>>> print(open('target_29.pdb').read())   # PDB, C-alpha atoms and all ligand atoms
MODEL        1
ATOM      1  CA  MET A  22     -12.237-203.100 189.783  1.00  0.00           C
ATOM      2  CA  SER A  23      -9.922-200.226 188.887  1.00  0.00           C
ATOM      3  CA  HIS A  24      -7.321-202.582 187.461  1.00  0.00           C
ATOM      4  CA  GLU A  25      -9.866-204.297 185.174  1.00  0.00           C
ATOM      5  CA  LEU A  26     -11.038-200.946 183.851  1.00  0.00           C
ATOM      6  CA  ARG A  27      -7.673-199.319 183.382  1.00  0.00           C
ATOM      7  CA  THR A  28      -5.649-202.171 181.860  1.00  0.00           C
ATOM      8  CA  PRO A  29      -7.507-202.467 178.528  1.00  0.00           C
ATOM      9  CA  LEU A  30      -7.389-198.699 178.132  1.00  0.00           C
ATOM     10  CA  THR A  31      -3.663-198.575 178.739  1.00  0.00           C
ATOM     11  CA  SER A  32      -3.355-201.240 176.079  1.00  0.00           C
ATOM     12  CA  ILE A  33      -5.471-199.297 173.553  1.00  0.00           C
ATOM     13  CA  LYS A  34      -3.346-196.199 174.156  1.00  0.00           C
ATOM     14  CA  GLY A  35      -0.166-198.237 173.828  1.00  0.00           C
ATOM     15  CA  TYR A  36      -1.162-199.676 170.443  1.00  0.00           C
ATOM     16  CA  ALA A  37      -2.211-196.249 169.167  1.00  0.00           C
ATOM     17  CA  ALA A  38       1.181-194.864 170.273  1.00  0.00           C
ATOM     18  CA  ILE A  39       3.065-197.671 168.444  1.00  0.00           C
ATOM     19  CA  LEU A  40       1.120-196.977 165.264  1.00  0.00           C
ATOM     20  CA  ILE A  41       1.538-193.172 165.464  1.00  0.00           C
ATOM     21  CA  ALA A  42       5.284-193.579 165.974  1.00  0.00           C
ATOM     22  CA  GLY A  43       5.438-195.428 162.644  1.00  0.00           C
ATOM     23  CA  LYS A  44       6.932-198.548 164.234  1.00  0.00           C
ATOM     24  CA  ILE A  45       4.799-200.898 162.131  1.00  0.00           C
ATOM     25  CA  GLY A  46       5.058-198.979 158.897  1.00  0.00           C
ATOM     26  CA  GLU A  47       4.602-195.542 157.459  1.00  0.00           C
ATOM     27  CA  VAL A  48       1.361-193.871 158.589  1.00  0.00           C
ATOM     28  CA  PRO A  49      -0.484-191.464 156.298  1.00  0.00           C
ATOM     29  CA  ASP A  50      -1.518-188.150 157.909  1.00  0.00           C
ATOM     30  CA  ALA A  51      -5.227-188.979 157.699  1.00  0.00           C
ATOM     31  CA  VAL A  52      -4.608-192.138 159.741  1.00  0.00           C
ATOM     32  CA  LYS A  53      -2.404-190.262 162.201  1.00  0.00           C
ATOM     33  CA  GLU A  54      -5.261-187.847 162.755  1.00  0.00           C
ATOM     34  CA  ARG A  55      -7.635-190.702 163.664  1.00  0.00           C
ATOM     35  CA  LEU A  56      -5.052-192.316 165.910  1.00  0.00           C
ATOM     36  CA  ALA A  57      -4.662-189.016 167.754  1.00  0.00           C
ATOM     37  CA  LYS A  58      -8.437-189.104 168.291  1.00  0.00           C
ATOM     38  CA  ILE A  59      -8.231-192.616 169.739  1.00  0.00           C
ATOM     39  CA  ASN A  60      -5.578-191.303 172.098  1.00  0.00           C
ATOM     40  CA  PHE A  61      -7.625-188.240 173.055  1.00  0.00           C
ATOM     41  CA  HIS A  62     -10.828-190.169 173.740  1.00  0.00           C
ATOM     42  CA  SER A  63      -8.946-192.854 175.666  1.00  0.00           C
ATOM     43  CA  ASP A  64      -7.507-190.108 177.888  1.00  0.00           C
ATOM     44  CA  ASN A  65     -11.024-188.794 178.500  1.00  0.00           C
ATOM     45  CA  LEU A  66     -12.205-192.264 179.392  1.00  0.00           C
ATOM     46  CA  VAL A  67      -9.289-192.717 181.794  1.00  0.00           C
ATOM     47  CA  SER A  68     -10.163-189.520 183.646  1.00  0.00           C
ATOM     48  CA  LEU A  69     -13.857-190.415 183.705  1.00  0.00           C
ATOM     49  CA  ILE A  70     -13.062-193.851 185.164  1.00  0.00           C
ATOM     50  CA  ASN A  71     -10.703-192.286 187.690  1.00  0.00           C
ATOM     51  CA  ASP A  72     -13.407-189.838 188.798  1.00  0.00           C
ATOM     52  CA  LEU A  73     -16.013-192.599 189.113  1.00  0.00           C
ATOM     53  CA  LEU A  74     -13.649-194.794 191.109  1.00  0.00           C
ATOM     54  CA  ASP A  75     -12.722-191.877 193.377  1.00  0.00           C
ATOM     55  CA  ILE A  76     -16.388-191.064 193.963  1.00  0.00           C
ATOM     56  CA  ALA A  77     -17.123-194.687 194.883  1.00  0.00           C
ATOM     57  CA  ARG A  78     -14.065-194.904 197.148  1.00  0.00           C
ATOM     58  CA  ILE A  79     -14.822-191.688 199.019  1.00  0.00           C
ATOM     59  CA  GLU A  80     -18.551-192.469 199.321  1.00  0.00           C
ATOM     60  CA  SER A  81     -17.872-195.884 200.821  1.00  0.00           C
ATOM     61  CA  GLY A  82     -15.245-194.508 203.215  1.00  0.00           C
ATOM     62  CA  ARG A  83     -12.558-196.714 201.634  1.00  0.00           C
ATOM     63  CA  GLN A  84     -10.485-193.706 200.567  1.00  0.00           C
ATOM     64  CA  GLU A  85      -7.767-193.029 203.106  1.00  0.00           C
ATOM     65  CA  MET A  86      -7.772-189.311 203.931  1.00  0.00           C
ATOM     66  CA  LYS A  87      -4.493-187.753 204.990  1.00  0.00           C
ATOM     67  CA  PHE A  88      -5.607-184.932 207.244  1.00  0.00           C
ATOM     68  CA  ASP A  89      -3.215-182.195 208.256  1.00  0.00           C
ATOM     69  CA  VAL A  90      -3.141-178.460 208.928  1.00  0.00           C
ATOM     70  CA  TYR A  91      -2.525-176.170 205.921  1.00  0.00           C
ATOM     71  CA  LYS A  92      -2.435-172.417 205.357  1.00  0.00           C
ATOM     72  CA  ILE A  93      -5.583-171.480 203.463  1.00  0.00           C
ATOM     73  CA  LYS A  94      -3.819-168.856 201.388  1.00  0.00           C
ATOM     74  CA  LYS A  95      -1.250-171.369 200.190  1.00  0.00           C
ATOM     75  CA  VAL A  96      -3.872-173.930 199.190  1.00  0.00           C
ATOM     76  CA  VAL A  97      -5.876-171.330 197.251  1.00  0.00           C
ATOM     77  CA  ASP A  98      -2.737-169.877 195.607  1.00  0.00           C
ATOM     78  CA  ASN A  99      -1.705-173.337 194.379  1.00  0.00           C
ATOM     79  CA  VAL A 100      -5.027-173.836 192.670  1.00  0.00           C
ATOM     80  CA  ILE A 101      -5.005-170.329 191.183  1.00  0.00           C
ATOM     81  CA  ASP A 102      -1.529-170.970 189.766  1.00  0.00           C
ATOM     82  CA  LEU A 103      -2.858-174.049 188.062  1.00  0.00           C
ATOM     83  CA  LEU A 104      -5.884-172.341 186.543  1.00  0.00           C
ATOM     84  CA  SER A 105      -4.604-168.844 185.819  1.00  0.00           C
ATOM     85  CA  PRO A 106      -3.507-169.676 182.236  1.00  0.00           C
ATOM     86  CA  GLN A 107      -7.084-170.774 181.537  1.00  0.00           C
ATOM     87  CA  MET A 108      -8.455-167.527 183.029  1.00  0.00           C
ATOM     88  CA  THR A 109      -5.985-165.316 181.179  1.00  0.00           C
ATOM     89  CA  ALA A 110      -6.701-167.093 177.903  1.00  0.00           C
ATOM     90  CA  LYS A 111     -10.425-166.477 178.324  1.00  0.00           C
ATOM     91  CA  GLY A 112     -10.068-162.905 179.647  1.00  0.00           C
ATOM     92  CA  VAL A 113     -11.798-163.715 182.932  1.00  0.00           C
ATOM     93  CA  LYS A 114     -10.756-161.528 185.872  1.00  0.00           C
ATOM     94  CA  LEU A 115      -9.968-163.093 189.229  1.00  0.00           C
ATOM     95  CA  GLN A 116     -10.659-161.567 192.637  1.00  0.00           C
ATOM     96  CA  LEU A 117      -9.477-163.001 195.931  1.00  0.00           C
ATOM     97  CA  ARG A 118     -11.034-162.129 199.275  1.00  0.00           C
ATOM     98  CA  PHE A 119      -9.581-163.625 202.413  1.00  0.00           C
ATOM     99  CA  ALA A 120     -11.032-162.572 205.751  1.00  0.00           C
ATOM    100  CA  PRO A 121      -8.117-161.362 207.926  1.00  0.00           C
ATOM    101  CA  ASN A 122      -8.659-163.980 210.634  1.00  0.00           C
ATOM    102  CA  VAL A 123      -8.854-167.086 208.439  1.00  0.00           C
ATOM    103  CA  GLU A 124      -5.547-168.799 208.644  1.00  0.00           C
ATOM    104  CA  GLU A 125      -5.629-172.567 208.411  1.00  0.00           C
ATOM    105  CA  ILE A 126      -7.697-175.587 207.484  1.00  0.00           C
ATOM    106  CA  TYR A 127      -7.476-179.191 208.657  1.00  0.00           C
ATOM    107  CA  VAL A 128      -7.927-181.218 205.459  1.00  0.00           C
ATOM    108  CA  ASP A 129      -6.643-183.833 203.069  1.00  0.00           C
ATOM    109  CA  VAL A 130      -4.989-181.198 200.923  1.00  0.00           C
ATOM    110  CA  SER A 131      -5.036-182.922 197.542  1.00  0.00           C
ATOM    111  CA  HIS A 132      -8.754-183.584 197.915  1.00  0.00           C
ATOM    112  CA  ALA A 133      -9.487-180.062 199.188  1.00  0.00           C
ATOM    113  CA  GLU A 134      -7.611-178.709 196.163  1.00  0.00           C
ATOM    114  CA  ARG A 135      -9.715-180.853 193.863  1.00  0.00           C
ATOM    115  CA  VAL A 136     -12.900-179.246 195.195  1.00  0.00           C
ATOM    116  CA  LEU A 137     -11.498-175.802 194.441  1.00  0.00           C
ATOM    117  CA  ILE A 138     -10.176-176.872 191.038  1.00  0.00           C
ATOM    118  CA  ASN A 139     -13.550-178.298 190.006  1.00  0.00           C
ATOM    119  CA  LEU A 140     -15.520-175.256 191.170  1.00  0.00           C
ATOM    120  CA  LEU A 141     -13.065-172.741 189.722  1.00  0.00           C
ATOM    121  CA  SER A 142     -12.782-174.425 186.357  1.00  0.00           C
ATOM    122  CA  ASN A 143     -16.592-174.550 186.143  1.00  0.00           C
ATOM    123  CA  ALA A 144     -16.753-170.854 187.062  1.00  0.00           C
ATOM    124  CA  VAL A 145     -14.326-170.029 184.243  1.00  0.00           C
ATOM    125  CA  LYS A 146     -16.071-172.369 181.809  1.00  0.00           C
ATOM    126  CA  PHE A 147     -19.543-170.894 182.354  1.00  0.00           C
ATOM    127  CA  THR A 148     -18.473-167.227 182.451  1.00  0.00           C
ATOM    128  CA  PRO A 149     -18.049-165.206 179.248  1.00  0.00           C
ATOM    129  CA  SER A 150     -14.828-163.308 178.659  1.00  0.00           C
ATOM    130  CA  GLN A 151     -14.555-160.025 180.596  1.00  0.00           C
ATOM    131  CA  GLY A 152     -16.466-161.714 183.421  1.00  0.00           C
ATOM    132  CA  THR A 153     -15.223-161.988 186.987  1.00  0.00           C
ATOM    133  CA  VAL A 154     -14.601-164.961 189.232  1.00  0.00           C
ATOM    134  CA  THR A 155     -14.287-164.299 192.961  1.00  0.00           C
ATOM    135  CA  VAL A 156     -12.810-166.738 195.445  1.00  0.00           C
ATOM    136  CA  ALA A 157     -13.546-165.792 199.033  1.00  0.00           C
ATOM    137  CA  VAL A 158     -12.925-167.379 202.425  1.00  0.00           C
ATOM    138  CA  ALA A 159     -14.945-166.341 205.449  1.00  0.00           C
ATOM    139  CA  PRO A 160     -13.688-167.026 208.967  1.00  0.00           C
ATOM    140  CA  ALA A 161     -14.793-170.084 210.884  1.00  0.00           C
ATOM    141  CA  LEU A 162     -18.017-169.785 212.836  1.00  0.00           C
ATOM    142  CA  ASP A 163     -18.522-171.241 216.329  1.00  0.00           C
ATOM    143  CA  ASP A 164     -18.396-174.750 214.863  1.00  0.00           C
ATOM    144  CA  GLY A 165     -14.829-174.154 213.627  1.00  0.00           C
ATOM    145  CA  TYR A 166     -15.711-174.549 209.948  1.00  0.00           C
ATOM    146  CA  ALA A 167     -14.479-171.947 207.426  1.00  0.00           C
ATOM    147  CA  THR A 168     -16.736-171.083 204.491  1.00  0.00           C
ATOM    148  CA  PHE A 169     -15.249-170.915 200.999  1.00  0.00           C
ATOM    149  CA  SER A 170     -17.083-169.444 198.049  1.00  0.00           C
ATOM    150  CA  VAL A 171     -16.443-169.403 194.320  1.00  0.00           C
ATOM    151  CA  ALA A 172     -18.614-166.816 192.589  1.00  0.00           C
ATOM    152  CA  ASP A 173     -18.890-166.033 188.892  1.00  0.00           C
ATOM    153  CA  THR A 174     -20.711-163.575 186.661  1.00  0.00           C
ATOM    154  CA  GLY A 175     -21.623-166.290 184.178  1.00  0.00           C
ATOM    155  CA  ILE A 176     -24.726-167.806 182.619  1.00  0.00           C
ATOM    156  CA  GLY A 177     -26.270-168.972 185.889  1.00  0.00           C
ATOM    157  CA  ILE A 178     -28.321-172.105 186.595  1.00  0.00           C
ATOM    158  CA  PRO A 179     -32.137-172.239 186.359  1.00  0.00           C
ATOM    159  CA  ALA A 180     -33.787-172.847 189.766  1.00  0.00           C
ATOM    160  CA  SER A 181     -35.400-176.029 188.427  1.00  0.00           C
ATOM    161  CA  GLU A 182     -31.947-177.567 187.773  1.00  0.00           C
ATOM    162  CA  VAL A 183     -30.228-176.701 191.036  1.00  0.00           C
ATOM    163  CA  GLN A 184     -31.478-179.800 192.910  1.00  0.00           C
ATOM    164  CA  LYS A 185     -30.089-182.117 190.229  1.00  0.00           C
ATOM    165  CA  LEU A 186     -26.604-180.596 189.965  1.00  0.00           C
ATOM    166  CA  PHE A 187     -24.998-182.934 192.457  1.00  0.00           C
ATOM    167  CA  SER A 188     -26.217-186.110 190.704  1.00  0.00           C
ATOM    168  CA  GLU A 189     -23.840-188.231 188.657  1.00  0.00           C
ATOM    169  CA  PHE A 190     -23.564-187.296 184.962  1.00  0.00           C
ATOM    170  CA  TYR A 191     -26.064-184.444 185.287  1.00  0.00           C
ATOM    171  CA  ARG A 192     -25.310-181.465 183.044  1.00  0.00           C
ATOM    172  CA  VAL A 193     -27.634-178.538 182.380  1.00  0.00           C
ATOM    173  CA  GLU A 194     -28.614-178.273 178.744  1.00  0.00           C
ATOM    174  CA  ASN A 195     -27.131-175.048 177.421  1.00  0.00           C
ATOM    175  CA  GLU A 196     -24.994-173.777 174.594  1.00  0.00           C
ATOM    176  CA  ILE A 197     -21.731-174.028 176.514  1.00  0.00           C
ATOM    177  CA  ASN A 198     -22.353-177.663 177.465  1.00  0.00           C
ATOM    178  CA  GLN A 199     -23.141-178.468 173.847  1.00  0.00           C
ATOM    179  CA  ASN A 200     -19.735-177.177 172.792  1.00  0.00           C
ATOM    180  CA  VAL A 201     -17.447-177.917 175.722  1.00  0.00           C
ATOM    181  CA  LYS A 202     -16.841-181.416 176.947  1.00  0.00           C
ATOM    182  CA  GLY A 203     -17.620-182.388 180.497  1.00  0.00           C
ATOM    183  CA  THR A 204     -18.621-185.456 182.454  1.00  0.00           C
ATOM    184  CA  GLY A 205     -21.116-184.194 185.001  1.00  0.00           C
ATOM    185  CA  LEU A 206     -18.996-185.781 187.740  1.00  0.00           C
ATOM    186  CA  GLY A 207     -17.065-182.765 189.042  1.00  0.00           C
ATOM    187  CA  LEU A 208     -19.740-181.569 191.446  1.00  0.00           C
ATOM    188  CA  VAL A 209     -20.500-185.087 192.739  1.00  0.00           C
ATOM    189  CA  LEU A 210     -16.826-185.529 193.505  1.00  0.00           C
ATOM    190  CA  ALA A 211     -16.687-182.102 195.184  1.00  0.00           C
ATOM    191  CA  LYS A 212     -19.714-182.969 197.341  1.00  0.00           C
ATOM    192  CA  ASN A 213     -18.268-186.321 198.402  1.00  0.00           C
ATOM    193  CA  ILE A 214     -14.940-184.738 199.330  1.00  0.00           C
ATOM    194  CA  VAL A 215     -16.585-181.948 201.336  1.00  0.00           C
ATOM    195  CA  GLN A 216     -18.771-184.488 203.145  1.00  0.00           C
ATOM    196  CA  ALA A 217     -15.729-186.641 203.911  1.00  0.00           C
ATOM    197  CA  HIS A 218     -14.485-183.542 205.785  1.00  0.00           C
ATOM    198  CA  ARG A 219     -17.912-183.354 207.503  1.00  0.00           C
ATOM    199  CA  GLY A 220     -18.617-180.091 205.733  1.00  0.00           C
ATOM    200  CA  LYS A 221     -21.415-179.073 203.402  1.00  0.00           C
ATOM    201  CA  ILE A 222     -21.707-177.634 199.901  1.00  0.00           C
ATOM    202  CA  TRP A 223     -24.494-175.587 198.367  1.00  0.00           C
ATOM    203  CA  VAL A 224     -25.187-173.194 195.534  1.00  0.00           C
ATOM    204  CA  GLN A 225     -26.989-169.930 194.826  1.00  0.00           C
ATOM    205  CA  SER A 226     -27.569-168.877 191.267  1.00  0.00           C
ATOM    206  CA  GLN A 227     -29.481-166.507 189.051  1.00  0.00           C
ATOM    207  CA  VAL A 228     -29.788-167.036 185.322  1.00  0.00           C
ATOM    208  CA  GLY A 229     -27.854-164.410 183.383  1.00  0.00           C
ATOM    209  CA  VAL A 230     -26.356-162.921 186.544  1.00  0.00           C
ATOM    210  CA  GLY A 231     -24.070-165.574 187.958  1.00  0.00           C
ATOM    211  CA  THR A 232     -23.516-168.480 190.299  1.00  0.00           C
ATOM    212  CA  THR A 233     -21.923-168.869 193.713  1.00  0.00           C
ATOM    213  CA  PHE A 234     -20.905-172.232 195.123  1.00  0.00           C
ATOM    214  CA  TYR A 235     -20.221-172.363 198.881  1.00  0.00           C
ATOM    215  CA  PHE A 236     -18.566-175.100 200.887  1.00  0.00           C
ATOM    216  CA  THR A 237     -17.270-175.504 204.409  1.00  0.00           C
ATOM    217  CA  LEU A 238     -14.095-177.176 205.668  1.00  0.00           C
ATOM    218  CA  PRO A 239     -12.800-177.673 209.214  1.00  0.00           C
ATOM    219  CA  SER A 240     -10.255-175.145 210.426  1.00  0.00           C
ATOM    220  CA  THR A 241      -8.930-177.442 213.163  1.00  0.00           C
ATOM    221  CA  LYS A 242      -8.753-181.107 214.111  1.00  0.00           C
ATOM    222  CA  GLN A 243     -11.058-180.368 217.053  1.00  0.00           C
ATOM    223  CA  ALA A 244     -13.678-178.884 214.741  1.00  0.00           C
ATOM    224  CA  TYR A 245     -13.554-181.977 212.510  1.00  0.00           C
ATOM    225  CA  GLU A 246     -13.702-184.404 215.405  1.00  0.00           C
ATOM    226  CA  GLY A 247     -16.426-182.420 217.091  1.00  0.00           C
ATOM    227  CA  ARG A 248     -18.730-182.866 214.147  1.00  0.00           C
ATOM    228  CA  LEU A 249     -19.409-186.539 213.742  1.00  0.00           C
ATOM    229  CA  ASN A 250     -22.083-186.441 211.062  1.00  0.00           C
ATOM    230  CA  PRO A 251     -22.135-184.315 207.919  1.00  0.00           C
ATOM    231  CA  GLU A 252     -25.236-182.124 207.710  1.00  0.00           C
TER     232      GLU A 252
HETATM  233  P1  LIG B 301     -19.178-180.824 184.059  1.00  0.00           P
HETATM  234  O1  LIG B 301     -18.619-179.451 184.319  1.00  0.00           O
HETATM  235  O2  LIG B 301     -18.157-181.819 183.677  1.00  0.00           O
HETATM  236  O3  LIG B 301     -20.362-180.810 183.133  1.00  0.00           O
HETATM  237  P2  LIG B 301     -19.935-180.756 186.865  1.00  0.00           P
HETATM  238  O4  LIG B 301     -20.426-181.834 187.767  1.00  0.00           O
HETATM  239  O5  LIG B 301     -18.721-180.023 187.284  1.00  0.00           O
HETATM  240  O6  LIG B 301     -19.760-181.402 185.447  1.00  0.00           O
HETATM  241  O7  LIG B 301     -21.109-179.718 186.663  1.00  0.00           O
HETATM  242  C1  LIG B 301     -22.423-180.203 186.323  1.00  0.00           C
HETATM  243  C2  LIG B 301     -23.207-179.132 185.619  1.00  0.00           C
HETATM  244  O8  LIG B 301     -23.530-178.074 186.539  1.00  0.00           O
HETATM  245  C3  LIG B 301     -22.493-178.434 184.479  1.00  0.00           C
HETATM  246  O9  LIG B 301     -22.534-179.182 183.295  1.00  0.00           O
HETATM  247  C4  LIG B 301     -23.269-177.148 184.375  1.00  0.00           C
HETATM  248  O10 LIG B 301     -24.468-177.384 183.656  1.00  0.00           O
HETATM  249  C5  LIG B 301     -23.623-176.846 185.828  1.00  0.00           C
HETATM  250  N1  LIG B 301     -22.668-175.878 186.431  1.00  0.00           N
HETATM  251  C6  LIG B 301     -21.658-176.170 187.289  1.00  0.00           C
HETATM  252  N2  LIG B 301     -20.996-175.052 187.665  1.00  0.00           N
HETATM  253  C7  LIG B 301     -21.604-174.021 187.031  1.00  0.00           C
HETATM  254  C8  LIG B 301     -21.401-172.603 187.010  1.00  0.00           C
HETATM  255  N3  LIG B 301     -20.418-172.015 187.719  1.00  0.00           N
HETATM  256  N4  LIG B 301     -22.227-171.853 186.239  1.00  0.00           N
HETATM  257  C9  LIG B 301     -23.231-172.431 185.511  1.00  0.00           C
HETATM  258  N5  LIG B 301     -23.488-173.758 185.486  1.00  0.00           N
HETATM  259  C10 LIG B 301     -22.688-174.558 186.233  1.00  0.00           C
ENDMDL
END
>>> encode(input="target_29.pdb", output="structure tokens")
Amino acid sequence: MSHELRTPLTSIKGYAAILIAGKIGEVPDAVKERLAKINFHSDNLVSLINDLLDIARIESGRQEMKFDVYKIKKVVDNVIDLLSPQMTAKGVKLQLRFAPNVEEIYVDVSHAERVLINLLSNAVKFTPSQGTVTVAVAPALDDGYATFSVADTGIGIPASEVQKLFSEFYRVENEINQNVKGTGLGLVLAKNIVQAHRGKIWVQSQVGVGTTFYFTLPSTKQAYEGRLNPE
């Protein structure tokens, strides 16, 4: 299915690029502007399709997961590097809290990073400037699963909406969502990835105070193999 969805889009983007480059004839600025919009919206559609396909693949177990052992600090630092320009631009402060005895996780690293990226970019998006985002990792409990949390001092989520957050395309109606684009797929993807690691994800939030997302990931192969069913 992915091929059928992506090919026409690639073609649309290709034609827009040919036109913008002036290969067919001179293009007035007003037309260029519209072509840039075609390009922009096609890119959005590509990432939406990619997310939907990834969700379906992970949910059905068709996605091959490449599990290995990684240093937690390194994984978190990579993601922070990626998002720090966004935080600096918005004036959101970042705090990191690693428990001294959390060292490693046993994960598919690109997927684990995606969970963190999605939660962190939401935290930044829904937190006003001068707010704080805190990423913390607590040591593994007896079951060998480490608990990660991403906390913000943002707008919060009404209790009535919390149950629906992990459903496809669901977005809370608020001023930020009216102005900033989003797909409502980020949390579904995060949940599927965490569950593919046999972990769990949950949220605590208070309107006007802030939101904390928690998720667990295995710290060792034994922990992962010892837990056959996600809770
Ligand atoms: P998107 O961010 O693309 O809208 P997500 O699936 O990542 O989609 O999030 C779904 C919705 O959950 C968001 O639109 C927002 O309403 C709510 N949400 C997620 N994270 C936060 C947060 N940190 N603070 C407040 N609301 C949040």
>>> atom_distance(input="target_29.pdb", atom1="CA of Val130 (chain A)", atom2="CA of Ile101 (chain A)")
14.6 Å
>>> resolve_selection(input="target_29.pdb", expression="the PyMOL selection byres (((chain A and resi 177) around 7) and not hetatm)", output="number ranges by chain")
A: 175-176, 178-179, 226-232
>>> write_last_selection(input="target_29.pdb", atoms="C-alpha atoms", output="PDB file, in the coordinates of the input")
ATOM      1  CA  GLY A 175     -21.623-166.290 184.178  1.00  0.00           C
ATOM      2  CA  ILE A 176     -24.726-167.806 182.619  1.00  0.00           C
ATOM      3  CA  ILE A 178     -28.321-172.105 186.595  1.00  0.00           C
ATOM      4  CA  PRO A 179     -32.137-172.239 186.359  1.00  0.00           C
ATOM      5  CA  SER A 226     -27.569-168.877 191.267  1.00  0.00           C
ATOM      6  CA  GLN A 227     -29.481-166.507 189.051  1.00  0.00           C
ATOM      7  CA  VAL A 228     -29.788-167.036 185.322  1.00  0.00           C
ATOM      8  CA  GLY A 229     -27.854-164.410 183.383  1.00  0.00           C
ATOM      9  CA  VAL A 230     -26.356-162.921 186.544  1.00  0.00           C
ATOM     10  CA  GLY A 231     -24.070-165.574 187.958  1.00  0.00           C
ATOM     11  CA  THR A 232     -23.516-168.480 190.299  1.00  0.00           C
TER      12      THR A 232
END
>>> residues_around(input="target_29.pdb", residues="Val113 (chain A)", least_positions_apart="2", cutoff="9 Å", atoms="only C-alpha atoms", output="list in words")
Gln107, Met108, Thr109, Ala110, Lys111, Leu115, Val145, Thr148, Pro149, Ser150, Gln151, Gly152, Thr153 and Val154 of chain A
>>> resolve_selection(input="target_29.pdb", expression="the PyMOL selection byres (((chain A and resi 214) around 8) and not hetatm)", output="list of chain:residue names")
A:Ile79, A:His132, A:Ala133, A:Val136, A:Leu210, A:Ala211, A:Lys212, A:Asn213, A:Val215, A:Gln216, A:Ala217, A:His218
>>> residues_near_ligand(input="target_29.pdb", ligand="ligand LIG 301 (chain B)", cutoff="8 Å", atoms="only C-alpha atoms and all ligand atoms", output="VMD selection string")
chain A and resid 139 to 148 172 to 173 175 to 178 186 to 195 198 202 to 210 226 231 to 234
>>> resolve_selection(input="target_29.pdb", expression="the PyMOL selection byres (((chain A and resi 86-97) around 9) and not hetatm)", output="ChimeraX atom specification")
/A:79,84-85,98-102,119,123-134,137,156,158,217,240-242
>>> atom_distance(input="target_29.pdb", atom1="CA of Val201 (chain A)", atom2="CA of Lys185 (chain A)")
19.7 Å
>>> atom_distance(input="target_29.pdb", atom1="CA of His62 (chain A)", atom2="CA of Gly112 (chain A)")
27.9 Å
>>> residues_around(input="target_29.pdb", residues="region 24-26 of chain A", least_positions_apart="3", cutoff="9 Å", atoms="only C-alpha atoms", output="ChimeraX atom specification")
/A:29-30,67,70
>>> residues_around(input="target_29.pdb", residues="Ala51 (chain A)", least_positions_apart="6", cutoff="12 Å", atoms="only C-alpha atoms", output="ChimeraX atom specification")
/A:41,57-58
>>> closest_residue(input="target_29.pdb", among="A:Arg83, A:Leu104, A:Ala244, A:Gln184", to="Leu162 (chain A)", atoms="only C-alpha atoms")
A:Ala244
>>> axis_aligned_box(input="target_29.pdb", around="region 175-188 of chain A", padding_each_side="4 Å", output="lines of an AutoDock Vina configuration file")
center_x = -28.5
center_y = -176.2
center_z = 187.8
size_x = 21.8
size_y = 27.8
size_z = 18.3
>>> closest_residue(input="target_29.pdb", among="A:Val52, A:Ile197, A:Val183, A:Ala167", to="Arg219 (chain A)", atoms="all atoms listed in the file")
A:Ala167
>>> residues_around(input="target_29.pdb", residues="Arg248 (chain A)", least_positions_apart="6", cutoff="10 Å", atoms="all atoms listed in the file", output="PyMOL selection string")
chain A and resi 164-166+218-220+239
>>> build_atoms(input="target_29.pdb", residues="region 191-198 of chain A", atoms="N, CA, C and O atoms", output="mmCIF file, in the frame of the given file")
data_model
loop_
_atom_site.group_PDB
_atom_site.id
_atom_site.type_symbol
_atom_site.label_atom_id
_atom_site.label_comp_id
_atom_site.auth_asym_id
_atom_site.auth_seq_id
_atom_site.Cartn_x
_atom_site.Cartn_y
_atom_site.Cartn_z
ATOM 1 N N TYR A 191 -25.090 -185.479 185.616
ATOM 2 C CA TYR A 191 -26.064 -184.444 185.287
ATOM 3 C C TYR A 191 -25.377 -183.189 184.765
ATOM 4 O O TYR A 191 -24.464 -182.656 185.393
ATOM 5 N N ARG A 192 -25.819 -182.714 183.606
ATOM 6 C CA ARG A 192 -25.310 -181.465 183.044
ATOM 7 C C ARG A 192 -26.506 -180.670 182.543
ATOM 8 O O ARG A 192 -27.388 -181.231 181.899
ATOM 9 N N VAL A 193 -26.522 -179.381 182.835
ATOM 10 C CA VAL A 193 -27.634 -178.538 182.380
ATOM 11 C C VAL A 193 -27.520 -178.388 180.865
ATOM 12 O O VAL A 193 -26.420 -178.231 180.335
ATOM 13 N N GLU A 194 -28.664 -178.454 180.200
ATOM 14 C CA GLU A 194 -28.614 -178.273 178.744
ATOM 15 C C GLU A 194 -28.464 -176.796 178.412
ATOM 16 O O GLU A 194 -29.348 -175.999 178.714
ATOM 17 N N ASN A 195 -27.327 -176.429 177.869
ATOM 18 C CA ASN A 195 -27.131 -175.048 177.421
ATOM 19 C C ASN A 195 -26.067 -175.029 176.327
ATOM 20 O O ASN A 195 -25.437 -176.057 176.046
ATOM 21 N N GLU A 196 -25.884 -173.867 175.749
ATOM 22 C CA GLU A 196 -24.994 -173.777 174.594
ATOM 23 C C GLU A 196 -23.556 -174.158 174.948
ATOM 24 O O GLU A 196 -22.879 -174.832 174.177
ATOM 25 N N ILE A 197 -23.122 -173.733 176.129
ATOM 26 C CA ILE A 197 -21.731 -174.028 176.514
ATOM 27 C C ILE A 197 -21.537 -175.540 176.637
ATOM 28 O O ILE A 197 -20.573 -176.102 176.125
ATOM 29 N N ASN A 198 -22.494 -176.217 177.299
ATOM 30 C CA ASN A 198 -22.353 -177.663 177.465
ATOM 31 C C ASN A 198 -22.436 -178.430 176.152
ATOM 32 O O ASN A 198 -21.928 -179.546 176.038
#
